[in-house]
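For reference, structure-v2.pdb is printed below; it contains PDB, C-alpha atoms.
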```
MODEL        1
ATOM      1  CA  MET I   8     -20.161   6.345   7.743
ATOM      2  CA  SER I   9     -19.796   3.049   5.919
ATOM      3  CA  THR I  10     -20.698   2.441   2.308
ATOM      4  CA  SER I  11     -21.356  -1.041   1.035
ATOM      5  CA  MET I  12     -20.530  -1.783  -2.578
ATOM      6  CA  PRO I  13     -20.427  -5.525  -3.339
ATOM      7  CA  LEU I  14     -19.004  -6.296  -6.793
ATOM      8  CA  PRO I  15     -18.905  -9.545  -8.790
ATOM      9  CA  TYR I  16     -16.145 -11.920  -7.739
ATOM     10  CA  ALA I  17     -14.573 -14.782  -9.744
ATOM     11  CA  ASP I  18     -14.319 -17.117  -6.768
ATOM     12  CA  ALA I  19     -12.755 -20.009  -8.698
ATOM     13  CA  GLY I  20      -9.575 -18.001  -9.140
ATOM     14  CA  ILE I  21      -7.818 -16.473 -12.121
ATOM     15  CA  GLN I  22      -4.833 -18.445 -13.361
ATOM     16  CA  ALA I  23      -1.589 -16.543 -13.581
ATOM     17  CA  GLY I  24       0.094 -19.559 -15.191
ATOM     18  CA  PHE I  25      -1.516 -21.730 -17.843
ATOM     19  CA  PRO I  26      -5.015 -20.655 -18.937
ATOM     20  CA  SER I  27      -7.976 -22.500 -17.462
ATOM     21  CA  PRO I  28     -11.575 -22.674 -18.697
ATOM     22  CA  ALA I  29     -13.461 -19.471 -17.985
ATOM     23  CA  GLN I  30     -16.287 -19.531 -15.495
ATOM     24  CA  ASP I  31     -19.740 -19.569 -17.095
ATOM     25  CA  TYR I  32     -20.959 -17.012 -14.612
ATOM     26  CA  ILE I  33     -19.867 -15.243 -11.493
ATOM     27  CA  SER I  34     -21.994 -16.216  -8.530
ATOM     28  CA  GLU I  35     -20.173 -14.557  -5.646
ATOM     29  CA  SER I  36     -19.637 -10.937  -4.737
ATOM     30  CA  ILE I  37     -17.248  -9.219  -2.382
ATOM     31  CA  ASP I  38     -17.093  -5.763  -0.879
ATOM     32  CA  LEU I  39     -13.553  -4.372  -0.772
ATOM     33  CA  ASN I  40     -14.622  -1.844   1.841
ATOM     34  CA  THR I  41     -15.193  -4.673   4.305
ATOM     35  CA  MET I  42     -12.254  -6.793   3.104
ATOM     36  CA  ILE I  43      -9.436  -4.260   3.309
ATOM     37  CA  VAL I  44     -10.683  -1.730   5.862
ATOM     38  CA  ARG I  45     -10.841  -3.439   9.257
ATOM     39  CA  HIS I  46     -10.976  -0.251  11.355
ATOM     40  CA  PRO I  47     -12.908   2.394   9.367
ATOM     41  CA  SER I  48     -12.608   5.141  11.982
ATOM     42  CA  SER I  49      -8.800   4.908  11.998
ATOM     43  CA  THR I  50      -8.083   4.040   8.363
ATOM     44  CA  PHE I  51      -7.184   6.479   5.616
ATOM     45  CA  TYR I  52      -5.740   6.394   2.116
ATOM     46  CA  GLY I  53      -2.518   7.955   0.886
ATOM     47  CA  ARG I  54      -0.906   8.223  -2.531
ATOM     48  CA  VAL I  55       2.760   7.285  -2.961
ATOM     49  CA  SER I  56       5.217   9.825  -4.270
ATOM     50  CA  GLY I  57       8.901   9.047  -4.640
ATOM     51  CA  ASP I  58      10.634   5.767  -5.363
ATOM     52  CA  SER I  59      12.288   4.631  -2.117
ATOM     53  CA  MET I  60      10.125   1.466  -2.049
ATOM     54  CA  ILE I  61      10.330   0.633  -5.759
ATOM     55  CA  GLU I  62      12.095  -2.724  -5.242
ATOM     56  CA  GLU I  63       8.981  -3.944  -3.402
ATOM     57  CA  GLY I  64       6.856  -2.963  -6.379
ATOM     58  CA  ILE I  65       5.509   0.144  -4.645
ATOM     59  CA  GLU I  66       5.615   2.916  -7.224
ATOM     60  CA  PRO I  67       4.692   6.596  -7.415
ATOM     61  CA  GLY I  68       0.937   6.908  -7.797
ATOM     62  CA  ASP I  69       0.080   3.713  -5.897
ATOM     63  CA  LEU I  70      -2.644   4.083  -3.300
ATOM     64  CA  LEU I  71      -1.961   2.936   0.264
ATOM     65  CA  VAL I  72      -4.513   1.757   2.814
ATOM     66  CA  ILE I  73      -3.134   2.921   6.170
ATOM     67  CA  ASP I  74      -4.491   1.805   9.547
ATOM     68  CA  ARG I  75      -3.596   4.104  12.454
ATOM     69  CA  SER I  76      -5.039   1.746  15.076
ATOM     70  CA  LEU I  77      -2.412  -0.967  14.514
ATOM     71  CA  GLU I  78       0.682  -1.158  16.683
ATOM     72  CA  PRO I  79       3.664  -1.459  14.295
ATOM     73  CA  GLU I  80       5.598  -4.714  14.406
ATOM     74  CA  ASP I  81       9.113  -5.372  13.177
ATOM     75  CA  GLY I  82       9.093  -5.526   9.379
ATOM     76  CA  ASP I  83       5.766  -3.733   8.891
ATOM     77  CA  LEU I  84       5.401  -1.264   6.057
ATOM     78  CA  THR I  85       4.717   2.018   7.828
ATOM     79  CA  VAL I  86       3.980   5.642   7.148
ATOM     80  CA  CYS I  87       6.114   7.629   9.580
ATOM     81  CA  CYS I  88       6.464  11.290  10.354
ATOM     82  CA  LEU I  89      10.157  12.073  10.764
ATOM     83  CA  ASP I  90      11.078  15.652  11.650
ATOM     84  CA  GLY I  91       7.806  16.930  10.211
ATOM     85  CA  GLU I  92       7.931  14.987   6.927
ATOM     86  CA  PHE I  93       6.065  11.829   5.972
ATOM     87  CA  THR I  94       7.994   8.829   4.710
ATOM     88  CA  LEU I  95       7.031   5.300   3.663
ATOM     89  CA  LYS I  96       9.480   2.639   4.891
ATOM     90  CA  ARG I  97       9.746  -0.816   6.445
ATOM     91  CA  ILE I  98      10.255  -0.428  10.163
ATOM     92  CA  ARG I  99      12.960  -2.439  11.933
ATOM     93  CA  LEU I 100      12.532  -2.528  15.686
ATOM     94  CA  ARG I 101      15.691  -3.458  17.556
ATOM     95  CA  PRO I 102      16.443  -3.195  21.276
ATOM     96  CA  GLY I 103      17.107   0.502  21.816
ATOM     97  CA  ALA I 104      16.864   1.365  18.101
ATOM     98  CA  VAL I 105      14.332   2.051  15.369
ATOM     99  CA  TRP I 106      15.425   1.847  11.729
ATOM    100  CA  LEU I 107      13.475   2.940   8.664
ATOM    101  CA  ILE I 108      14.448   0.694   5.767
ATOM    102  CA  PRO I 109      13.944   1.682   2.110
ATOM    103  CA  SER I 110      13.569  -0.798  -0.733
ATOM    104  CA  ASN I 111      15.779   1.000  -3.222
ATOM    105  CA  GLU I 112      19.556   0.656  -3.174
ATOM    106  CA  SER I 113      19.842   4.396  -3.952
ATOM    107  CA  PHE I 114      18.528   5.194  -0.458
ATOM    108  CA  ASP I 115      20.230   4.552   2.881
ATOM    109  CA  PRO I 116      18.467   3.142   5.942
ATOM    110  CA  ILE I 117      17.573   5.800   8.504
ATOM    111  CA  LEU I 118      18.387   5.354  12.179
ATOM    112  CA  VAL I 119      15.845   7.232  14.276
ATOM    113  CA  THR I 120      17.707   9.046  17.045
ATOM    114  CA  PRO I 121      16.425  10.771  20.198
ATOM    115  CA  GLU I 122      17.060  14.088  18.423
ATOM    116  CA  ASN I 123      14.478  13.239  15.753
ATOM    117  CA  ARG I 124      10.818  14.097  16.086
ATOM    118  CA  PHE I 125       9.370  10.708  15.189
ATOM    119  CA  GLU I 126       5.928   9.131  15.061
ATOM    120  CA  VAL I 127       4.580   6.068  13.319
ATOM    121  CA  TRP I 128       1.549   7.545  11.596
ATOM    122  CA  GLY I 129       0.089   4.190  10.561
ATOM    123  CA  VAL I 130       0.680   0.674   9.294
ATOM    124  CA  VAL I 131       0.101   0.024   5.592
ATOM    125  CA  THR I 132      -2.287  -2.903   5.223
ATOM    126  CA  HIS I 133      -2.784  -2.850   1.440
ATOM    127  CA  THR I 134      -1.353  -1.285  -1.699
ATOM    128  CA  ILE I 135      -3.652  -0.571  -4.626
ATOM    129  CA  LYS I 136      -1.990  -0.080  -7.992
ATOM    130  CA  ASN I 137      -3.087   0.961 -11.415
ATOM    131  CA  ASN I 138      -1.880  -1.808 -13.707
ATOM    132  CA  ARG I 139      -2.970  -0.105 -16.906
ATOM    133  CA  ARG I 140      -0.021   1.480 -18.638
ATOM    134  CA  PRO I 141      -0.331   5.145 -19.649
ATOM    135  CA  ARG I 142      -1.305   5.537 -23.285
ATOM    136  CA  ARG I 143      -0.011   8.139 -25.659
ATOM    137  CA  ARG I 144      -2.650  10.397 -27.064
ATOM    138  CA  ARG I 145      -3.105   9.949 -30.768
ATOM    139  CA  ALA I 146      -3.222  13.000 -32.979
ATOM    140  CA  SER I 147      -6.712  13.591 -34.278
ATOM    141  CA  ARG I 148      -7.281  13.287 -38.012
ATOM    142  CA  ASN I 149      -9.288  16.121 -39.486
TER     143      ASN I 149
ENDMDL
END
```
Translate this structure into structure tokens?
Amino acid sequence: MSTSMPLPYADAGIQAGFPSPAQDYISESIDLNTMIVRHPSSTFYGRVSGDSMIEEGIEPGDLLVIDRSLEPEDGDLTVCCLDGEFTLKRIRLRPGAVWLIPSNESFDPILVTPENRFEVWGVVTHTIKNNRRPRRRRASRN
């Protein structure tokens, strides 16, 4: 089942440097379902827990778009099942070796050995983050 949900799109771009004049109106629309999900029947979402990829800006709570139909290539961000547990790492494919590489100096790379039960569960195609900082609740005044 596919759901279409086009939303307004500022097609002239949003400056991340010096401010530019705002658009008078937004004339385009995009549908993120069609932009980020190329293979709907083999794509799922997953929420990040843990901080092994923090140096890439991937933080606990981020949402991953994971495509199971893609064949992993060297350097891809992948969700792997290693000995029955899921892990998010960059995959390094070397002749005769597979490495799972974290992006946090507190974690060591993992060499996948023949003794491991290992499967690449999917390739991460997009990361969706909440950029709004948590707010403290204010005490109510009665």
Skip Val72 in chain I itself and residues of its chain fewer than 4 positions away, then list as a compact mmCIF listing (two decimals) with C-alpha atoms, in the frame of the given file all residues within 12 Å of it, counting only C-alpha atoms.
```
# COMPACT_ATOMS: atom_id res chain seq x y z
CA LEU I 39 -13.55 -4.37 -0.77
CA ASN I 40 -14.62 -1.84 1.84
CA MET I 42 -12.25 -6.79 3.10
CA ILE I 43 -9.44 -4.26 3.31
CA VAL I 44 -10.68 -1.73 5.86
CA ARG I 45 -10.84 -3.44 9.26
CA HIS I 46 -10.98 -0.25 11.36
CA PRO I 47 -12.91 2.39 9.37
CA SER I 49 -8.80 4.91 12.00
CA THR I 50 -8.08 4.04 8.36
CA PHE I 51 -7.18 6.48 5.62
CA TYR I 52 -5.74 6.39 2.12
CA GLY I 53 -2.52 7.96 0.89
CA ARG I 54 -0.91 8.22 -2.53
CA VAL I 55 2.76 7.28 -2.96
CA LEU I 84 5.40 -1.26 6.06
CA THR I 85 4.72 2.02 7.83
CA VAL I 86 3.98 5.64 7.15
CA GLY I 129 0.09 4.19 10.56
CA VAL I 130 0.68 0.67 9.29
CA VAL I 131 0.10 0.02 5.59
CA THR I 132 -2.29 -2.90 5.22
CA HIS I 133 -2.78 -2.85 1.44
CA THR I 134 -1.35 -1.28 -1.70
CA ILE I 135 -3.65 -0.57 -4.63
CA LYS I 136 -1.99 -0.08 -7.99
```
Answer as a VMD selection string, residues within 12 Å of (14.2, -0.1, -2.3) using only C-alpha atoms: chain I and resid 57 to 66 95 to 97 107 to 116
Limited to C-alpha atoms, could you put the picked residues into a file as a PDB file, keeping the file's coordinate frame?
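And here's result28.pdb as it stands now:
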```pdb
ATOM      1  CA  GLY I  57       8.901   9.047  -4.640  1.00  0.00           C
ATOM      2  CA  ASP I  58      10.634   5.767  -5.363  1.00  0.00           C
ATOM      3  CA  SER I  59      12.288   4.631  -2.117  1.00  0.00           C
ATOM      4  CA  MET I  60      10.125   1.466  -2.049  1.00  0.00           C
ATOM      5  CA  ILE I  61      10.330   0.633  -5.759  1.00  0.00           C
ATOM      6  CA  GLU I  62      12.095  -2.724  -5.242  1.00  0.00           C
ATOM      7  CA  GLU I  63       8.981  -3.944  -3.402  1.00  0.00           C
ATOM      8  CA  GLY I  64       6.856  -2.963  -6.379  1.00  0.00           C
ATOM      9  CA  ILE I  65       5.509   0.144  -4.645  1.00  0.00           C
ATOM     10  CA  GLU I  66       5.615   2.916  -7.224  1.00  0.00           C
ATOM     11  CA  LEU I  95       7.031   5.300   3.663  1.00  0.00           C
ATOM     12  CA  LYS I  96       9.480   2.639   4.891  1.00  0.00           C
ATOM     13  CA  ARG I  97       9.746  -0.816   6.445  1.00  0.00           C
ATOM     14  CA  LEU I 107      13.475   2.940   8.664  1.00  0.00           C
ATOM     15  CA  ILE I 108      14.448   0.694   5.767  1.00  0.00           C
ATOM     16  CA  PRO I 109      13.944   1.682   2.110  1.00  0.00           C
ATOM     17  CA  SER I 110      13.569  -0.798  -0.733  1.00  0.00           C
ATOM     18  CA  ASN I 111      15.779   1.000  -3.222  1.00  0.00           C
ATOM     19  CA  GLU I 112      19.556   0.656  -3.174  1.00  0.00           C
ATOM     20  CA  SER I 113      19.842   4.396  -3.952  1.00  0.00           C
ATOM     21  CA  PHE I 114      18.528   5.194  -0.458  1.00  0.00           C
ATOM     22  CA  ASP I 115      20.230   4.552   2.881  1.00  0.00           C
ATOM     23  CA  PRO I 116      18.467   3.142   5.942  1.00  0.00           C
TER      24      PRO I 116
END
```
From CA of Phe125 in chain I to CA of Ile73 in chain I the spacing works out at 17.3 Å
Of I:Ile117, I:Asn123, I:Leu70, I:Pro141, the one sitting nearest Asp90 in chain I when using only C-alpha atoms is I:Asn123
Write out as JSON an axis-aligned box for range 47-62 of chain I: all of its atoms listed in the file, 3 Å added on each side, centre and edge lengths in Å with one decimal.
```
{"center_x": -0.3, "center_y": 3.6, "center_z": 3.1, "size_x": 31.2, "size_y": 18.5, "size_z": 23.8}
```
CA of Ser56 in chain I sits from CA of Leu100 in chain I at a separation of 24.6 Å
I want to know what sits within 6 Å of Cys87 in chain I, based on only C-alpha atoms, with residues of the same chain fewer than 6 positions away left out; could you give that as a PyMOL selection string? chain I and resi 93-94+126-128
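CA of Ile98 in chain I is found 11.6 Å from CA of Glu78 in chain I.
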Of I:Arg124, I:Arg99, I:Glu35, I:Ser48, the one sitting nearest Asp83 in chain I when using all atoms listed in the file is I:Arg99
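Among I:Leu118, I:Arg139, I:Trp106, I:Asp69, the residue with the shortest atom-to-atom distance to Asp81 in chain I, counting only C-alpha atoms, is I:Trp106.
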